[in-house]
Amino acid sequence: MNNKYCTFVLVVLLVATRLYIQPFYSLISDCDETFNYWEPLNLLLRGFGKQTWEYSPEYSIRSWSFLLPFYSLLYPLNAVAEIQANWNFYAVRILLGLFSLIQEWKLFKEITGTTTLEIANFWLFYQLFNPGWFHASVELLPSAIAMILQLGSINYALKYLSTSASSNFIGSLTFNMIAGILGWPFVLVLNLPLCIHYVWTHRIISSVRTAFDCSLIFLLISVIVIGIDSLFYGKFAPVAWNIFFYNVLNADEEAGPNIFGTEPFSYYIQNLLLNFPITTLGFAVLGVSHWRLWPLWTSAIVWFTVFALQPHKEERFLYPLYGYISLSASILTYKALKVYKKYFSFAFVVKLIIVGTVILQSLLRIFALIENYRAPMTVYSELFSRESTSNSTVNVCTGREWYHFPNSFYLPNAHRLRFVKSGFDGLLPGDFIEDESIFTAVRAVPKGMNNRNLFDESKIWPLEECDYFVDITLPTDGEKDSFTGSNSANRWNAVVCQKFIDGSDSKFLGRAFAVPEMIDCMMKEYIPELWTKLYHAKYIDYCLYEKLPSSEYQVNTD
């Protein structure tokens with residue numbers, strides 16, 4: 001197929017994916033995204049939201065500067081049009097998808113100019129059929145923004161490695177500095193290999209001048225970000241430093257990231273195998289042999305090594321690597337096919353196998369994410385169709401499923417999320433102060449917050465005062481859960497339910513990949529025992545319950 005025709009097809013698919021499919025169908029994979037970013041954004045725009053301990057002025061390890069660009073988009077949108085609240089959520093996701101698309105296109109153009117159009121096409125292909133990028137690039141997280149900004153850094157790094165121009169070197173560092181100062185300081189380590197390359201290949205006087213220019217840029221970004229955050233918190237608030245201090249310098253057995261769980265080294269290997277087709281990963285590992293780009297590969301290896309050695313691991317910690325993986329895989333794929341280029345038929349078959357494997361594994365994974373985990377967003381959306389004209393507060397409660405709450409943009413204006421007693425014994429989010437100025441709400445030190453994940457009773461709401469309840473159809477613990485089968489059968493009516501994967505009773509492959517029903521039935525017929533051991537996906541219902549009026553409840557209990 002003609003390379004230019006391939007480019008056209010890939011770009012069209014990429015535009016459709018980034019601007020429509022991802023914003024509307026991708027899941028929210030991390031409750032940290034909900035409570036640390038969507039909730040404060042909802043506060044800025046609508047005046048209410050859940051508050052985590054990270055936003056307490058006592059700790060101030062989350063940046064309001066990070067949220068202001070999104071608020072500046074949403075505020076005029078809401079001022080000129082009366083839109084349903086959850087459309088704010090989709091608008092931000094479309095903006096994130098557009099940002100990703102722009103950076104991907106710019107890097108594509110640079111790869112085309114630096115190498116060949118065929119390598120650039122492979123890069124677009126690996127970006128498009130990339131389950132990890134599918135959900136990460138529309139997430140409202142500093143790590144996700146850092147992942148996209150890293151494309152800009154790679155873009156200028158390629159320019160620099162081709163030209164040795166100091167301006168391109170500074171451009172590459174600037175993208176990482178923005179990501180680091182805005183809320184994720186750890187990405188600054190990705191600059192080190194390129195800095196070593198620059199110092200090694202340039203005169204001392206050039207290195208000193210460039211270091212001075214980079215320092216000015218770093219200082220300017222820091223002053224702007226710290227100034228905005230200090231204004232919000234009402235005190236000096238270097239958020240990036242506070243994050244580093246909490247996670248590294250002040251971490252111990254009672255505070256720090258490890259109290260939220262630890263994972264073995266294999267966690268990240270498994271994670272990469274889920275978020276990238278195995279073909280992509282295989283080529284990416286071999287692609288680091290392209291020694292001309294050693295500063296980029298060294299950055300990726302250092303990043304993976306540092307985070308793999310940390311006991312506390314999360315999927316989003318690997319996001320900055322995603323662009324490197326696609327680039328390395330595209331280079332090695334081109335090299336591998338070039339070896340067999342004179343054997344046209346054989347090369348065509350190999351390319352077909354590579355493309356088919358990548359597309360198949362990616363789609364099976366992406367469909368699984370949508371089918372298995374998107375129920376909470378659909379269920380909470382039902383509240384808009386049942387919105388009351390009364391101004392009184394409507395309490396939407398949840399217990400054990402608190403961490404699957406999408407965000408308060410899925411709540412009508414008079415609705416508020418409440419937490420009832422459940423088996424969870426960690427620190428739940430509280431509420432920002434309402435009916436006050438934004439600075440009053442942000443600067444108020446909330447009660448019951450701590451950085452040790454200790455349970456606080458004041459975050460619990462009585463079940464009797466709930467109007468709606470969201471839960472899954474699995475047996476509850478009568479001693480730990482307020483909402484149980486014994487008190488829900490007659491008092492509550494399920495108004496909407498969506499299927500949701502039962503992780504505890506499904507096989508790993510059943511949770512991770514969506515095998516078409518026809519193939520599933522075929523496997524059960526021909527290899528039933530083996531297939532049952534390998535693949536099983538059990539679904540339960542994720543439901544929104546409405547509390548029945550006392551008169552109806554009385555009738556039901558007579």
# chains A, B, ... in the order shown; residues from 1 in each chain; ligands from 1
>>> select_by_dssp(residues="stretch 141-272 of chain A", states="alpha helix (DSSP H)", output="number ranges by chain")
A: 142-163, 166-181, 192-201, 204-233, 239-244, 266-272
>>> residues_around(residues="A:Phe175", least_positions_apart="6", cutoff="7 Å", atoms="only C-alpha atoms", output="ChimeraX atom specification")
/A:149-150,152-153
>>> write_last_selection(atoms="N, CA and C atoms", output="mmCIF file, in the first residue's frame")
data_model
loop_
_atom_site.group_PDB
_atom_site.id
_atom_site.type_symbol
_atom_site.label_atom_id
_atom_site.label_comp_id
_atom_site.auth_asym_id
_atom_site.auth_seq_id
_atom_site.Cartn_x
_atom_site.Cartn_y
_atom_site.Cartn_z
ATOM 1 N N LEU A 149 3.049 15.779 26.979
ATOM 2 C CA LEU A 149 4.127 16.754 26.861
ATOM 3 C C LEU A 149 5.446 16.086 26.492
ATOM 4 N N GLN A 150 5.589 14.821 26.899
ATOM 5 C CA GLN A 150 6.813 14.097 26.569
ATOM 6 C C GLN A 150 6.972 13.931 25.062
ATOM 7 N N GLY A 152 6.219 16.257 22.926
ATOM 8 C CA GLY A 152 6.851 17.504 22.527
ATOM 9 C C GLY A 152 8.332 17.495 22.839
ATOM 10 N N SER A 153 8.690 16.915 23.990
ATOM 11 C CA SER A 153 10.094 16.815 24.372
ATOM 12 C C SER A 153 10.865 15.911 23.404
#
>>> closest_residue(among="A:Trp461, A:Ser482, A:Pro475, A:Asn453", to="A:Glu254", atoms="only C-alpha atoms")
A:Asn453
>>> residues_around(residues="stretch 67-82 of chain A", least_positions_apart="5", cutoff="7 Å", atoms="only C-alpha atoms", output="list in words")
Leu41, Leu45, Asn88 and Val92 of chain A
>>> closest_residue(among="A:Asn493, A:Thr262, A:Asn155, A:Ser330", to="A:His290", atoms="only C-alpha atoms")
A:Ser330
>>> residues_around(residues="A:Phe409", least_positions_apart="6", cutoff="9 Å", atoms="only C-alpha atoms", output="PDB file with all heavy atoms, in the first residue's frame")
ATOM      1  N   TRP A  38     -10.940  15.998  38.999  1.00  0.00           N
ATOM      2  CA  TRP A  38     -12.283  16.346  38.543  1.00  0.00           C
ATOM      3  C   TRP A  38     -13.093  17.049  39.634  1.00  0.00           C
ATOM      4  O   TRP A  38     -13.820  18.006  39.353  1.00  0.00           O
ATOM      5  CB  TRP A  38     -13.027  15.103  38.063  1.00  0.00           C
ATOM      6  CG  TRP A  38     -12.546  14.582  36.745  1.00  0.00           C
ATOM      7  CD1 TRP A  38     -11.881  13.402  36.516  1.00  0.00           C
ATOM      8  CD2 TRP A  38     -12.665  15.212  35.465  1.00  0.00           C
ATOM      9  NE1 TRP A  38     -11.590  13.261  35.183  1.00  0.00           N
ATOM     10  CE2 TRP A  38     -12.052  14.356  34.504  1.00  0.00           C
ATOM     11  CE3 TRP A  38     -13.224  16.416  35.027  1.00  0.00           C
ATOM     12  CZ2 TRP A  38     -12.003  14.670  33.150  1.00  0.00           C
ATOM     13  CZ3 TRP A  38     -13.171  16.729  33.674  1.00  0.00           C
ATOM     14  CH2 TRP A  38     -12.567  15.863  32.759  1.00  0.00           C
ATOM     15  N   GLU A  39     -12.960  16.623  40.873  1.00  0.00           N
ATOM     16  CA  GLU A  39     -13.739  17.240  41.952  1.00  0.00           C
ATOM     17  C   GLU A  39     -13.328  18.695  42.212  1.00  0.00           C
ATOM     18  O   GLU A  39     -14.192  19.565  42.311  1.00  0.00           O
ATOM     19  CB  GLU A  39     -13.620  16.404  43.224  1.00  0.00           C
ATOM     20  CG  GLU A  39     -14.356  15.072  43.158  1.00  0.00           C
ATOM     21  CD  GLU A  39     -15.838  15.248  42.871  1.00  0.00           C
ATOM     22  OE1 GLU A  39     -16.563  15.719  43.775  1.00  0.00           O
ATOM     23  OE2 GLU A  39     -16.274  14.939  41.745  1.00  0.00           O
ATOM     24  N   ASN A  42     -14.695  20.740  39.436  1.00  0.00           N
ATOM     25  CA  ASN A  42     -16.128  20.945  39.638  1.00  0.00           C
ATOM     26  C   ASN A  42     -16.374  22.056  40.655  1.00  0.00           C
ATOM     27  O   ASN A  42     -17.315  22.852  40.533  1.00  0.00           O
ATOM     28  CB  ASN A  42     -16.788  19.646  40.093  1.00  0.00           C
ATOM     29  CG  ASN A  42     -18.302  19.721  40.071  1.00  0.00           C
ATOM     30  OD1 ASN A  42     -18.932  19.638  39.009  1.00  0.00           O
ATOM     31  ND2 ASN A  42     -18.914  19.904  41.239  1.00  0.00           N
ATOM     32  N   ARG A  46     -18.667  24.910  39.564  1.00  0.00           N
ATOM     33  CA  ARG A  46     -20.045  24.780  40.052  1.00  0.00           C
ATOM     34  C   ARG A  46     -20.189  25.020  41.550  1.00  0.00           C
ATOM     35  O   ARG A  46     -21.302  24.989  42.076  1.00  0.00           O
ATOM     36  CB  ARG A  46     -20.584  23.386  39.691  1.00  0.00           C
ATOM     37  CG  ARG A  46     -20.547  23.091  38.196  1.00  0.00           C
ATOM     38  CD  ARG A  46     -20.892  21.646  37.902  1.00  0.00           C
ATOM     39  NE  ARG A  46     -22.277  21.349  38.160  1.00  0.00           N
ATOM     40  CZ  ARG A  46     -22.751  20.140  38.476  1.00  0.00           C
ATOM     41  NH1 ARG A  46     -21.901  19.118  38.585  1.00  0.00           N
ATOM     42  NH2 ARG A  46     -24.028  19.954  38.686  1.00  0.00           N
ATOM     43  N   GLN A  84     -25.901  20.442  30.074  1.00  0.00           N
ATOM     44  CA  GLN A  84     -25.944  19.436  31.136  1.00  0.00           C
ATOM     45  C   GLN A  84     -24.545  19.290  31.716  1.00  0.00           C
ATOM     46  O   GLN A  84     -23.553  19.275  30.987  1.00  0.00           O
ATOM     47  CB  GLN A  84     -26.442  18.115  30.554  1.00  0.00           C
ATOM     48  CG  GLN A  84     -26.774  17.057  31.587  1.00  0.00           C
ATOM     49  CD  GLN A  84     -27.523  15.880  30.981  1.00  0.00           C
ATOM     50  OE1 GLN A  84     -28.708  15.962  30.716  1.00  0.00           O
ATOM     51  NE2 GLN A  84     -26.802  14.800  30.733  1.00  0.00           N
ATOM     52  N   ALA A  85     -24.452  19.159  33.032  1.00  0.00           N
ATOM     53  CA  ALA A  85     -23.160  19.234  33.725  1.00  0.00           C
ATOM     54  C   ALA A  85     -22.132  18.249  33.189  1.00  0.00           C
ATOM     55  O   ALA A  85     -20.938  18.577  33.097  1.00  0.00           O
ATOM     56  CB  ALA A  85     -23.362  19.024  35.221  1.00  0.00           C
ATOM     57  N   ASN A  86     -22.555  17.028  32.839  1.00  0.00           N
ATOM     58  CA  ASN A  86     -21.556  16.044  32.420  1.00  0.00           C
ATOM     59  C   ASN A  86     -20.931  16.363  31.060  1.00  0.00           C
ATOM     60  O   ASN A  86     -19.917  15.784  30.686  1.00  0.00           O
ATOM     61  CB  ASN A  86     -22.131  14.624  32.427  1.00  0.00           C
ATOM     62  CG  ASN A  86     -23.313  14.451  31.499  1.00  0.00           C
ATOM     63  OD1 ASN A  86     -23.874  15.417  31.002  1.00  0.00           O
ATOM     64  ND2 ASN A  86     -23.718  13.217  31.275  1.00  0.00           N
ATOM     65  N   TRP A  87     -21.514  17.335  30.325  1.00  0.00           N
ATOM     66  CA  TRP A  87     -20.888  17.748  29.080  1.00  0.00           C
ATOM     67  C   TRP A  87     -19.595  18.521  29.336  1.00  0.00           C
ATOM     68  O   TRP A  87     -18.738  18.616  28.453  1.00  0.00           O
ATOM     69  CB  TRP A  87     -21.863  18.567  28.230  1.00  0.00           C
ATOM     70  CG  TRP A  87     -22.794  17.678  27.468  1.00  0.00           C
ATOM     71  CD1 TRP A  87     -24.074  17.332  27.809  1.00  0.00           C
ATOM     72  CD2 TRP A  87     -22.510  16.982  26.252  1.00  0.00           C
ATOM     73  NE1 TRP A  87     -24.602  16.464  26.878  1.00  0.00           N
ATOM     74  CE2 TRP A  87     -23.670  16.236  25.906  1.00  0.00           C
ATOM     75  CE3 TRP A  87     -21.408  16.921  25.418  1.00  0.00           C
ATOM     76  CZ2 TRP A  87     -23.728  15.434  24.774  1.00  0.00           C
ATOM     77  CZ3 TRP A  87     -21.469  16.128  24.279  1.00  0.00           C
ATOM     78  CH2 TRP A  87     -22.623  15.403  23.960  1.00  0.00           C
ATOM     79  N   ASN A  88     -19.446  19.069  30.529  1.00  0.00           N
ATOM     80  CA  ASN A  88     -18.168  19.682  30.898  1.00  0.00           C
ATOM     81  C   ASN A  88     -17.061  18.631  30.933  1.00  0.00           C
ATOM     82  O   ASN A  88     -15.922  18.886  30.533  1.00  0.00           O
ATOM     83  CB  ASN A  88     -18.283  20.358  32.267  1.00  0.00           C
ATOM     84  CG  ASN A  88     -19.186  21.566  32.245  1.00  0.00           C
ATOM     85  OD1 ASN A  88     -18.860  22.580  31.652  1.00  0.00           O
ATOM     86  ND2 ASN A  88     -20.347  21.456  32.894  1.00  0.00           N
ATOM     87  N   PHE A  89     -17.430  17.471  31.433  1.00  0.00           N
ATOM     88  CA  PHE A  89     -16.491  16.348  31.489  1.00  0.00           C
ATOM     89  C   PHE A  89     -16.032  15.960  30.082  1.00  0.00           C
ATOM     90  O   PHE A  89     -14.839  15.811  29.811  1.00  0.00           O
ATOM     91  CB  PHE A  89     -17.177  15.178  32.199  1.00  0.00           C
ATOM     92  CG  PHE A  89     -16.451  13.874  32.133  1.00  0.00           C
ATOM     93  CD1 PHE A  89     -15.318  13.652  32.904  1.00  0.00           C
ATOM     94  CD2 PHE A  89     -16.894  12.854  31.305  1.00  0.00           C
ATOM     95  CE1 PHE A  89     -14.640  12.441  32.852  1.00  0.00           C
ATOM     96  CE2 PHE A  89     -16.233  11.636  31.248  1.00  0.00           C
ATOM     97  CZ  PHE A  89     -15.099  11.432  32.030  1.00  0.00           C
TER      98      PHE A  89
END
>>> select_by_dssp(residues="stretch 212-432 of chain A", states="strand (DSSP E)", output="list of chain:residue names")
A:Val394, A:Asn395, A:Val396, A:Cys397, A:Thr398, A:His415, A:Arg416, A:Leu417, A:Arg418, A:Phe419, A:Gly430, A:Asp431
>>> write_last_selection(atoms="all heavy atoms", output="short mmCIF file (atom, residue, chain, number, x, y, z; two decimals), in the first residue's frame")
data_model
loop_
_atom_site.label_atom_id
_atom_site.label_comp_id
_atom_site.auth_asym_id
_atom_site.auth_seq_id
_atom_site.Cartn_x
_atom_site.Cartn_y
_atom_site.Cartn_z
N VAL A 394 -30.33 16.72 47.22
CA VAL A 394 -30.60 15.30 46.98
C VAL A 394 -29.31 14.54 47.27
O VAL A 394 -28.27 14.82 46.68
CB VAL A 394 -31.04 15.06 45.52
CG1 VAL A 394 -31.25 13.57 45.28
CG2 VAL A 394 -32.30 15.85 45.21
N ASN A 395 -29.37 13.60 48.19
CA ASN A 395 -28.18 12.86 48.63
C ASN A 395 -28.04 11.56 47.85
O ASN A 395 -28.87 10.66 47.95
CB ASN A 395 -28.27 12.56 50.12
CG ASN A 395 -28.32 13.83 50.95
OD1 ASN A 395 -27.49 14.71 50.77
ND2 ASN A 395 -29.29 13.93 51.85
N VAL A 396 -26.98 11.49 47.06
CA VAL A 396 -26.66 10.28 46.29
C VAL A 396 -25.56 9.56 47.04
O VAL A 396 -24.43 10.04 47.15
CB VAL A 396 -26.18 10.64 44.87
CG1 VAL A 396 -25.88 9.36 44.07
CG2 VAL A 396 -27.21 11.50 44.15
N CYS A 397 -25.88 8.39 47.58
CA CYS A 397 -24.96 7.70 48.49
C CYS A 397 -24.32 6.48 47.83
O CYS A 397 -24.87 5.87 46.91
CB CYS A 397 -25.69 7.26 49.75
SG CYS A 397 -26.38 8.63 50.70
N THR A 398 -23.19 6.13 48.36
CA THR A 398 -22.51 4.90 47.96
C THR A 398 -21.65 4.43 49.11
O THR A 398 -21.31 5.22 50.00
CB THR A 398 -21.66 5.11 46.68
OG1 THR A 398 -21.18 3.85 46.21
CG2 THR A 398 -20.49 6.02 46.94
N HIS A 415 -27.65 17.82 43.61
CA HIS A 415 -27.26 16.51 44.11
C HIS A 415 -25.85 16.55 44.70
O HIS A 415 -24.97 17.25 44.21
CB HIS A 415 -27.30 15.48 42.98
CG HIS A 415 -28.67 15.18 42.47
ND1 HIS A 415 -29.54 16.16 42.06
CD2 HIS A 415 -29.33 13.99 42.30
CE1 HIS A 415 -30.68 15.59 41.65
NE2 HIS A 415 -30.57 14.29 41.78
N ARG A 416 -25.66 15.76 45.75
CA ARG A 416 -24.35 15.67 46.39
C ARG A 416 -24.02 14.21 46.68
O ARG A 416 -24.89 13.42 47.07
CB ARG A 416 -24.32 16.46 47.71
CG ARG A 416 -24.58 17.95 47.59
CD ARG A 416 -23.47 18.65 46.82
NE ARG A 416 -23.68 20.08 46.76
CZ ARG A 416 -24.36 20.70 45.79
NH1 ARG A 416 -24.87 19.98 44.80
NH2 ARG A 416 -24.52 22.01 45.81
N LEU A 417 -22.76 13.87 46.50
CA LEU A 417 -22.30 12.51 46.79
C LEU A 417 -22.05 12.36 48.28
O LEU A 417 -21.41 13.22 48.91
CB LEU A 417 -21.02 12.20 46.03
CG LEU A 417 -20.46 10.78 46.25
CD1 LEU A 417 -21.34 9.74 45.57
CD2 LEU A 417 -19.02 10.69 45.74
N ARG A 418 -22.53 11.25 48.87
CA ARG A 418 -22.30 10.96 50.28
C ARG A 418 -21.75 9.53 50.41
O ARG A 418 -22.06 8.65 49.61
CB ARG A 418 -23.61 11.05 51.09
CG ARG A 418 -24.44 12.31 50.83
CD ARG A 418 -23.76 13.57 51.28
NE ARG A 418 -24.65 14.73 51.18
CZ ARG A 418 -24.27 15.98 51.36
NH1 ARG A 418 -23.00 16.26 51.65
NH2 ARG A 418 -25.15 16.97 51.24
N PHE A 419 -20.98 9.33 51.46
CA PHE A 419 -20.42 8.00 51.73
C PHE A 419 -21.08 7.43 52.98
O PHE A 419 -21.16 8.10 54.01
CB PHE A 419 -18.91 8.08 51.97
CG PHE A 419 -18.14 8.64 50.81
CD1 PHE A 419 -17.33 9.76 50.98
CD2 PHE A 419 -18.21 8.06 49.56
CE1 PHE A 419 -16.61 10.28 49.92
CE2 PHE A 419 -17.50 8.57 48.49
CZ PHE A 419 -16.71 9.69 48.67
N GLY A 430 -13.51 14.34 51.95
CA GLY A 430 -14.53 15.15 52.59
C GLY A 430 -15.20 16.04 51.57
O GLY A 430 -15.29 15.68 50.39
N ASP A 431 -15.69 17.21 52.01
CA ASP A 431 -16.37 18.14 51.11
C ASP A 431 -15.74 19.52 51.22
O ASP A 431 -15.44 20.00 52.33
CB ASP A 431 -17.85 18.24 51.45
CG ASP A 431 -18.61 16.96 51.17
OD1 ASP A 431 -18.88 16.69 49.99
OD2 ASP A 431 -18.91 16.22 52.13
#
>>> closest_residue(among="A:Gly323, A:Val239, A:Gly234, A:Trp64", to="A:Leu296", atoms="only C-alpha atoms")
A:Gly323
>>> closest_residue(among="A:Thr52, A:Gly287, A:Tyr373, A:Asn451", to="A:Asn250", atoms="only C-alpha atoms")
A:Asn451
>>> residues_around(residues="A:Leu190", least_positions_apart="5", cutoff="12 Å", atoms="only C-alpha atoms", output="JSON, numbers by chain")
{"A": [146, 147, 149, 150, 153, 154, 157, 172, 173, 174, 175, 176, 177, 179, 180, 184, 185, 195, 196, 295, 296, 297, 298, 299, 300, 301, 302, 303, 304, 306, 320, 321, 324]}
>>> closest_atom_pairs(of="stretch 127-219 of chain A", to="stretch 96-113 of chain A", cutoff="9 Å", atoms="only C-alpha atoms", output="Markdown table")
| residue | atom | partner | partner_atom | distance |
| --- | --- | --- | --- | --- |
| A:Gln127 | CA | A:Glu104 | CA | 8.3 |
| A:Ser137 | CA | A:Gly97 | CA | 6.4 |
| A:Val138 | CA | A:Leu96 | CA | 5.2 |
| A:Glu139 | CA | A:Leu96 | CA | 7.6 |
| A:Leu140 | CA | A:Leu96 | CA | 8.0 |
| A:Ile145 | CA | A:Leu96 | CA | 8.3 |
| A:Ile148 | CA | A:Ser100 | CA | 5.8 |
| A:Leu149 | CA | A:Gln103 | CA | 7.6 |
| A:Leu151 | CA | A:Gln103 | CA | 6.1 |
| A:Gly152 | CA | A:Gln103 | CA | 6.1 |
| A:Ile154 | CA | A:Leu107 | CA | 7.6 |
| A:Asn155 | CA | A:Leu107 | CA | 5.1 |
| A:Tyr156 | CA | A:Glu110 | CA | 8.6 |
| A:Leu158 | CA | A:Glu110 | CA | 7.4 |
| A:Lys159 | CA | A:Glu110 | CA | 7.4 |
